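Data from structure.txt: compact mmCIF, C-alpha atoms
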```txt
# COMPACT_ATOMS: atom_id res chain seq x y z
CA MET A 910 -77.13 -11.51 19.34
CA GLU A 911 -74.18 -11.42 16.92
CA ALA A 912 -71.51 -8.79 16.84
CA MET A 913 -68.42 -8.46 14.67
CA SER A 914 -67.19 -12.03 14.13
CA ASP A 915 -69.24 -13.41 17.02
CA THR A 916 -71.59 -16.30 16.30
CA TYR A 917 -74.92 -16.56 18.08
CA THR A 918 -75.04 -20.29 18.74
CA HIS A 919 -78.83 -20.46 19.05
CA GLY A 920 -79.71 -18.53 15.90
CA HIS A 921 -83.22 -17.19 15.39
CA HIS A 922 -85.28 -20.27 14.64
CA GLU A 923 -88.87 -20.16 15.88
CA SER A 924 -87.94 -22.46 18.77
CA VAL A 925 -85.37 -19.90 19.94
CA LEU A 926 -87.73 -16.92 19.64
CA ARG A 927 -90.36 -19.00 21.48
CA SER A 928 -88.00 -19.06 24.44
CA HIS A 929 -87.10 -15.37 24.15
CA ARG A 930 -90.75 -14.27 24.04
CA TRP A 931 -91.33 -16.01 27.39
CA ARG A 932 -88.84 -13.75 29.14
CA THR A 933 -90.04 -10.83 31.25
CA ALA A 934 -88.39 -8.34 33.54
CA GLU A 935 -89.82 -10.30 36.47
CA ASN A 936 -88.49 -13.73 35.47
CA SER A 937 -85.26 -12.57 33.80
CA ALA A 938 -84.20 -9.22 35.30
CA ALA A 939 -85.67 -9.10 38.80
CA TYR A 940 -82.26 -8.11 40.20
CA LEU A 941 -82.40 -4.91 38.14
CA ILE A 942 -86.00 -3.84 38.79
CA PRO A 943 -85.17 -1.84 41.97
CA ARG A 944 -82.89 0.35 39.82
CA LEU A 945 -85.68 1.23 37.36
CA ARG A 946 -87.64 4.32 38.32
CA PRO A 947 -89.87 6.72 36.38
CA GLY A 948 -87.67 8.87 34.19
CA THR A 949 -84.78 6.40 33.92
CA GLU A 950 -83.29 6.13 30.43
CA VAL A 951 -82.42 2.55 29.46
CA LEU A 952 -80.40 0.87 26.71
CA ASP A 953 -81.28 -2.82 26.32
CA ILE A 954 -78.58 -4.62 24.30
CA GLY A 955 -79.39 -7.85 22.46
CA CYS A 956 -83.07 -7.24 23.09
CA GLY A 957 -84.37 -9.87 20.65
CA PRO A 958 -88.19 -9.80 20.44
CA GLY A 959 -88.25 -7.19 23.20
CA THR A 960 -90.40 -8.68 25.94
CA ILE A 961 -87.99 -7.64 28.69
CA THR A 962 -87.52 -4.26 26.98
CA HIS A 963 -91.29 -3.71 26.94
CA ASP A 964 -91.44 -4.28 30.68
CA PHE A 965 -88.57 -1.84 31.23
CA ALA A 966 -90.49 0.81 29.26
CA ALA A 967 -93.57 0.32 31.44
CA LEU A 968 -91.48 0.60 34.61
CA VAL A 969 -89.53 3.75 33.70
CA ALA A 970 -92.18 5.77 31.79
CA PRO A 971 -91.92 8.61 30.90
CA GLY A 972 -88.24 7.68 30.69
CA ARG A 973 -87.05 6.52 27.27
CA VAL A 974 -85.99 2.96 26.45
CA LEU A 975 -83.98 1.86 23.42
CA GLY A 976 -83.70 -1.82 22.52
CA VAL A 977 -80.94 -2.84 20.10
CA ASP A 978 -79.99 -6.02 18.31
CA ASN A 979 -78.07 -6.62 15.11
CA VAL A 980 -80.68 -8.91 13.54
CA ASP A 981 -83.77 -7.29 12.04
CA GLU A 982 -86.29 -10.15 12.36
CA PRO A 983 -86.66 -10.06 16.17
CA LEU A 984 -86.70 -6.25 16.10
CA GLU A 985 -89.83 -6.32 13.96
CA ILE A 986 -91.46 -8.59 16.54
CA ALA A 987 -90.34 -6.19 19.28
CA ARG A 988 -91.86 -3.17 17.53
CA ALA A 989 -95.16 -4.98 17.04
CA GLY A 990 -95.25 -5.97 20.70
CA ALA A 991 -94.61 -2.40 21.83
CA ALA A 992 -97.45 -1.14 19.63
CA GLU A 993 -99.77 -3.81 21.01
CA ARG A 994 -98.99 -2.73 24.57
CA GLY A 995 -99.34 0.96 23.71
CA LEU A 996 -95.80 1.82 24.77
CA ASP A 997 -94.84 5.18 23.26
CA ASN A 998 -91.54 5.63 25.16
CA ILE A 999 -89.68 2.81 23.44
CA THR A 1000 -87.77 2.44 20.18
CA PHE A 1001 -85.78 -0.37 18.57
CA ALA A 1002 -82.75 -0.20 16.30
CA ASN A 1003 -80.02 -2.30 14.74
CA ALA A 1004 -76.68 -1.85 16.53
CA ASP A 1005 -73.43 -3.66 17.38
CA VAL A 1006 -72.54 -4.00 21.06
CA HIS A 1007 -68.86 -3.51 20.19
CA ASP A 1008 -69.50 -0.18 18.45
CA LEU A 1009 -72.63 1.46 19.81
CA PRO A 1010 -73.76 4.55 17.86
CA HIS A 1011 -74.24 6.65 20.99
CA ALA A 1012 -72.29 9.38 22.71
CA ASP A 1013 -70.50 8.83 25.99
CA ASP A 1014 -72.71 9.01 29.11
CA SER A 1015 -76.00 8.60 27.21
CA PHE A 1016 -78.02 6.23 29.46
CA ASP A 1017 -78.82 5.68 33.12
CA VAL A 1018 -79.03 1.89 32.74
CA VAL A 1019 -77.28 -0.27 30.14
CA HIS A 1020 -78.51 -3.85 30.20
CA ALA A 1021 -77.67 -7.10 28.40
CA HIS A 1022 -79.47 -10.39 28.98
CA GLN A 1023 -77.87 -13.65 27.77
CA VAL A 1024 -75.55 -11.71 25.44
CA LEU A 1025 -72.00 -11.72 26.83
CA GLN A 1026 -71.68 -15.51 26.79
CA HIS A 1027 -71.94 -15.47 22.99
CA LEU A 1028 -69.20 -12.90 22.40
CA ALA A 1029 -65.58 -13.67 21.63
CA ASP A 1030 -64.55 -10.60 23.65
CA PRO A 1031 -67.13 -9.92 26.37
CA VAL A 1032 -64.72 -7.58 28.18
CA ALA A 1033 -64.60 -5.27 25.16
CA ALA A 1034 -68.40 -5.29 25.07
CA LEU A 1035 -68.58 -4.36 28.74
CA ARG A 1036 -66.16 -1.50 28.15
CA GLU A 1037 -68.43 -0.19 25.39
CA MET A 1038 -71.47 -0.56 27.67
CA ARG A 1039 -69.55 1.37 30.32
CA ARG A 1040 -68.71 4.13 27.83
CA VAL A 1041 -72.37 4.91 27.07
CA CYS A 1042 -73.47 4.67 30.71
CA ARG A 1043 -73.64 7.84 32.80
CA PRO A 1044 -71.18 8.12 35.71
CA ASP A 1045 -73.97 7.67 38.26
CA GLY A 1046 -75.68 4.94 36.21
CA VAL A 1047 -75.64 1.15 36.19
CA VAL A 1048 -74.42 -1.48 33.72
CA ALA A 1049 -76.23 -4.78 34.25
CA ALA A 1050 -75.83 -8.23 32.73
CA ARG A 1051 -77.28 -11.68 33.28
CA ASP A 1052 -75.96 -14.86 31.67
CA ALA A 1053 -76.58 -18.56 32.10
CA ASP A 1054 -73.93 -20.98 33.33
CA TYR A 1055 -74.40 -24.11 31.25
CA GLY A 1056 -71.92 -25.96 33.44
CA GLY A 1057 -74.24 -25.33 36.39
CA MET A 1058 -77.40 -26.69 34.78
CA ARG A 1059 -79.01 -29.52 36.75
CA TRP A 1060 -81.86 -31.90 36.04
CA PHE A 1061 -83.64 -34.99 37.27
CA PRO A 1062 -83.94 -37.84 36.52
CA ASP A 1063 -80.49 -38.75 35.23
CA ASN A 1064 -80.51 -39.00 31.47
CA PRO A 1065 -77.37 -39.88 29.44
CA GLY A 1066 -78.95 -38.18 26.42
CA LEU A 1067 -79.15 -34.86 28.27
CA ASP A 1068 -75.57 -35.36 29.50
CA ARG A 1069 -74.51 -35.63 25.86
CA TRP A 1070 -76.72 -32.68 24.83
CA LEU A 1071 -74.99 -30.45 27.37
CA GLU A 1072 -71.54 -31.64 26.31
CA LEU A 1073 -72.38 -30.99 22.68
CA TYR A 1074 -73.85 -27.55 23.33
CA ARG A 1075 -70.78 -26.44 25.25
CA ASP A 1076 -68.50 -27.79 22.51
CA VAL A 1077 -70.43 -25.92 19.80
CA ALA A 1078 -70.48 -22.67 21.78
CA ARG A 1079 -66.73 -22.83 22.42
CA HIS A 1080 -66.07 -23.71 18.79
CA ASN A 1081 -67.97 -20.51 17.93
CA GLY A 1082 -65.72 -18.51 20.25
CA GLY A 1083 -68.33 -18.16 22.98
CA HIS A 1084 -68.34 -18.83 26.71
CA PRO A 1085 -71.18 -21.24 27.59
CA ASP A 1086 -70.41 -20.94 31.31
CA GLY A 1087 -70.42 -17.15 31.09
CA GLY A 1088 -72.61 -16.59 34.13
CA THR A 1089 -69.73 -17.55 36.43
CA HIS A 1090 -67.30 -15.22 34.61
CA LEU A 1091 -69.32 -12.00 34.83
CA LYS A 1092 -67.56 -10.60 37.88
CA ALA A 1093 -64.11 -11.26 36.44
CA TRP A 1094 -65.09 -9.76 33.08
CA ALA A 1095 -66.51 -6.64 34.75
CA GLN A 1096 -63.41 -6.14 36.84
CA GLU A 1097 -61.21 -6.51 33.76
CA ALA A 1098 -63.41 -3.97 31.97
CA GLY A 1099 -62.54 -1.42 34.66
CA PHE A 1100 -65.74 -1.11 36.67
CA ARG A 1101 -65.11 0.39 40.09
CA GLU A 1102 -68.01 -1.31 41.84
CA VAL A 1103 -69.46 -4.73 40.93
CA THR A 1104 -72.40 -6.31 42.76
CA CYS A 1105 -73.00 -10.00 42.07
CA THR A 1106 -76.17 -12.03 42.46
CA ALA A 1107 -77.54 -15.25 41.00
CA SER A 1108 -80.97 -16.65 40.22
CA ALA A 1109 -82.42 -19.67 38.49
CA TRP A 1110 -85.15 -20.66 36.10
CA CYS A 1111 -86.82 -23.90 37.16
CA PHE A 1112 -89.05 -26.09 34.98
CA ALA A 1113 -90.93 -28.84 36.82
CA THR A 1114 -94.68 -28.85 36.18
CA PRO A 1115 -96.00 -30.88 33.22
CA GLU A 1116 -96.66 -27.64 31.35
CA GLU A 1117 -93.19 -26.27 32.09
CA ARG A 1118 -91.50 -29.52 31.13
CA ALA A 1119 -93.41 -29.69 27.85
CA TRP A 1120 -92.50 -26.09 26.99
CA TRP A 1121 -88.81 -26.32 27.90
CA GLY A 1122 -88.24 -29.83 26.57
CA ASN A 1123 -90.04 -29.30 23.27
CA LEU A 1124 -88.23 -26.09 22.45
CA TRP A 1125 -84.89 -27.83 23.00
CA ALA A 1126 -85.95 -30.86 20.99
CA ASP A 1127 -86.88 -28.48 18.17
CA ARG A 1128 -83.58 -26.60 18.45
CA ILE A 1129 -81.65 -29.85 18.26
CA ARG A 1130 -83.39 -30.80 15.05
CA ARG A 1131 -83.80 -27.50 13.21
CA SER A 1132 -81.99 -24.47 14.66
CA SER A 1133 -78.61 -22.92 13.91
CA PHE A 1134 -77.24 -24.90 16.83
CA ALA A 1135 -77.99 -28.13 14.94
CA GLU A 1136 -76.45 -26.85 11.71
CA GLN A 1137 -73.35 -25.60 13.51
CA ALA A 1138 -72.90 -28.89 15.39
CA LEU A 1139 -73.08 -30.77 12.10
CA GLY A 1140 -70.92 -28.27 10.25
CA HIS A 1141 -68.19 -28.42 12.88
CA GLY A 1142 -68.19 -32.23 12.64
CA LEU A 1143 -69.17 -32.59 16.30
CA THR A 1144 -72.23 -34.82 15.79
CA THR A 1145 -74.38 -36.62 13.26
CA ARG A 1146 -77.98 -36.18 12.22
CA ALA A 1147 -78.74 -39.57 13.80
CA GLU A 1148 -77.28 -38.47 17.14
CA LEU A 1149 -79.29 -35.24 17.06
CA GLU A 1150 -82.46 -37.32 16.69
CA GLU A 1151 -81.37 -39.40 19.70
CA LEU A 1152 -80.86 -36.23 21.75
CA ALA A 1153 -84.29 -34.92 20.78
CA THR A 1154 -85.76 -38.24 21.88
CA ALA A 1155 -83.95 -37.89 25.21
CA TRP A 1156 -85.61 -34.52 25.75
CA HIS A 1157 -89.02 -36.06 25.10
CA ALA A 1158 -88.26 -38.79 27.63
CA TRP A 1159 -87.46 -36.10 30.20
CA ILE A 1160 -90.75 -34.35 29.41
CA ASP A 1161 -92.62 -37.59 30.13
CA ALA A 1162 -90.92 -38.17 33.50
CA GLU A 1163 -93.49 -37.24 36.17
CA ASP A 1164 -90.65 -36.39 38.58
CA GLY A 1165 -88.78 -34.39 35.94
CA TRP A 1166 -87.10 -31.16 37.01
CA PHE A 1167 -84.63 -28.80 35.34
CA ALA A 1168 -82.82 -25.74 36.69
CA VAL A 1169 -80.84 -23.10 34.80
CA LEU A 1170 -78.36 -21.15 36.95
CA ASN A 1171 -77.84 -17.52 35.94
CA GLY A 1172 -75.12 -15.16 37.12
CA GLU A 1173 -75.97 -11.45 37.44
CA ILE A 1174 -73.94 -8.27 37.82
CA THR A 1175 -74.78 -4.64 38.43
CA CYS A 1176 -71.80 -2.36 37.89
CA ARG A 1177 -71.07 1.27 38.61
CA PRO A 1178 -68.86 2.94 36.00
```
Using the file provided, produce a representation of the structure as structure tokens.
Amino acid sequence: MEAMSDTYTHGHHESVLRSHRWRTAENSAAYLIPRLRPGTEVLDIGCGPGTITHDFAALVAPGRVLGVDNVDEPLEIARAGAAERGLDNITFANADVHDLPHADDSFDVVHAHQVLQHLADPVAALREMRRVCRPDGVVAARDADYGGMRWFPDNPGLDRWLELYRDVARHNGGHPDGGTHLKAWAQEAGFREVTCTASAWCFATPEERAWWGNLWADRIRRSSFAEQALGHGLTTRAELEELATAWHAWIDAEDGWFAVLNGEITCRP
């Protein structure tokens, strides 16, 4: 998600949306599910194609769910998915996390998944999320920590990929290790109660390795990440091809394994 002058490092190439469509409440927001009850009203910020948002709507019905992003393409996908699932308690709209078009105390749950790490001022975003959350509600966020990513077997190409990704994200004003900063950001934003958890995605089976490795190989070649890395003078087209090849080598490793650490917070206003 982009907001104000923020740059979404991944962009919205098909390889990025392929990843986003895989996400569900169960695999990406399990820490929040106990807070979602019938009748809960939810704002899902940076919802992308809406697969997590759809699950929220099913969990809280007849409560209302609003998914927002500031890019129209994924919102169209989200609306189509909601219609396919027959969810009539969900809507999607274009909005900026720094200036939400909602009154104070409008929602029971305000949620953002993999959003804050891409913002130049995540604390300001959390303050805005706090503003629209009811006093007895919950603000929740989950972000990856790229510095905590681990894989096997060792692969110098993946070492360089990670270094390059973090350089591009920081050049864009983002925080690629945002998952470890969530507690500090929430405290700075003025939340009175912050509960911290962590969870991981793990890709190890041949099918998982093929899915995860191929989407990153495609991002390296074709997504906004590739164009930004080249535009910032941080790499060359030849090196990007080498990094894509490294991802394919990892896919082919029968003992291959990759884990993505995610930090999580639930905050009381």
Ranking A:Trp1159, A:Gln1137, A:Arg1130, A:Lys1092 by minimum distance to Asp1068 in chain A and counting all atoms listed in the file, which one comes first?
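Closest to Asp1068 in chain A of all the choices is A:Trp1159.
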For CA of His1020 in chain A and CA of Leu1091 in chain A, quote the distance in Å rounded to one decimal.
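Distance reported for this atom pair: 13.1 Å.
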Go through A:Ile986, A:Leu1152, A:Cys1105, A:Ala1162 one by one, measure the shortest atom-to-atom distance of each to Ala1119 in chain A using only C-alpha atoms, and give the residue with the smallest value.
A:Ala1162
Of the listed residues A:Gly1066, A:Cys1042, A:Pro983, A:His1157, that which approaches Leu1124 in chain A most closely, counting all atoms listed in the file
A:His1157
Nearest to Asp978 in chain A, chosen from A:Ala1021, A:Ala1012, A:Leu941, A:Leu996, with all atoms listed in the file counted in the distances
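Distance minimum relative to Asp978 in chain A lands on A:Ala1021.
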Applying 6 Å and only C-alpha atoms, which residues near range 1048-1063 of chain A remain after dropping the ones on its own chain fewer than 5 positions away? List them as a PyMOL selection string.
chain A and resi 1018-1023+1085-1088+1165-1176
Which protein, DNA or RNA residues have an atom at most 10 Å from (-65.7, -27.2, 19.3), counting all atoms listed in the file? List them as an mmCIF file with C-alpha atoms, in the frame of the given file.
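Okay, this is what ended up in part30.cif:
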```cif
data_model
loop_
_atom_site.group_PDB
_atom_site.id
_atom_site.type_symbol
_atom_site.label_atom_id
_atom_site.label_comp_id
_atom_site.auth_asym_id
_atom_site.auth_seq_id
_atom_site.Cartn_x
_atom_site.Cartn_y
_atom_site.Cartn_z
ATOM 1 C CA LEU A 1073 -72.380 -30.990 22.680
ATOM 2 C CA TYR A 1074 -73.850 -27.550 23.330
ATOM 3 C CA ARG A 1075 -70.780 -26.440 25.250
ATOM 4 C CA ASP A 1076 -68.500 -27.790 22.510
ATOM 5 C CA VAL A 1077 -70.430 -25.920 19.800
ATOM 6 C CA ALA A 1078 -70.480 -22.670 21.780
ATOM 7 C CA ARG A 1079 -66.730 -22.830 22.420
ATOM 8 C CA HIS A 1080 -66.070 -23.710 18.790
ATOM 9 C CA ASN A 1081 -67.970 -20.510 17.930
ATOM 10 C CA GLY A 1082 -65.720 -18.510 20.250
ATOM 11 C CA GLN A 1137 -73.350 -25.600 13.510
ATOM 12 C CA ALA A 1138 -72.900 -28.890 15.390
ATOM 13 C CA HIS A 1141 -68.190 -28.420 12.880
ATOM 14 C CA GLY A 1142 -68.190 -32.230 12.640
ATOM 15 C CA LEU A 1143 -69.170 -32.590 16.300
#
```
Considering all atoms listed in the file, return as a list in words whatever protein or nucleic-acid residues lie within 12 Å of Asp1030 in chain A, sequence-local ones (same chain, fewer than 4 positions apart) excluded.
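After dropping sequence-adjacent residues, the list is Glu911, Ala912, Met913, Ser914, Asp915, Thr916, Val1006, His1007, Val1024, Leu1025, Gln1026, Ala1034, Leu1035, Arg1036, Glu1037, Asn1081, Gly1082, Gly1083, His1084, Gly1087, Trp1094, Ala1095, Glu1097 and Ala1098 of chain A.
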Separation of CA of Ala1135 in chain A from CA of Asp981 in chain A in Å
21.8 Å
If you count only C-alpha atoms, the residue of A:Ala1126, A:Leu945, A:Ala1107, A:Leu1009 closest to Ala967 in chain A turns out to be A:Leu945
Skipping near chain neighbours, those fewer than 5 positions away, what residues fall within 7 Å of Val974 in chain A using all atoms listed in the file, listed as a ChimeraX atom specification?
/A:950-952,966,998-1000
In Å, rounded to a single decimal, give me how far CA of Asp1005 in chain A is from CA of Ala939 in chain A.
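Interatomic distance, CA of Ala939 in chain A to CA of Asp1005 in chain A: 25.3 Å.
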Please determine, counting only C-alpha atoms, which residue among A:Gln1096, A:Thr1154, A:Thr962, A:Ser1108 has the shortest atom-to-atom distance to Phe1001 in chain A.
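That would be A:Thr962, the residue with the smallest distance to Phe1001 in chain A.
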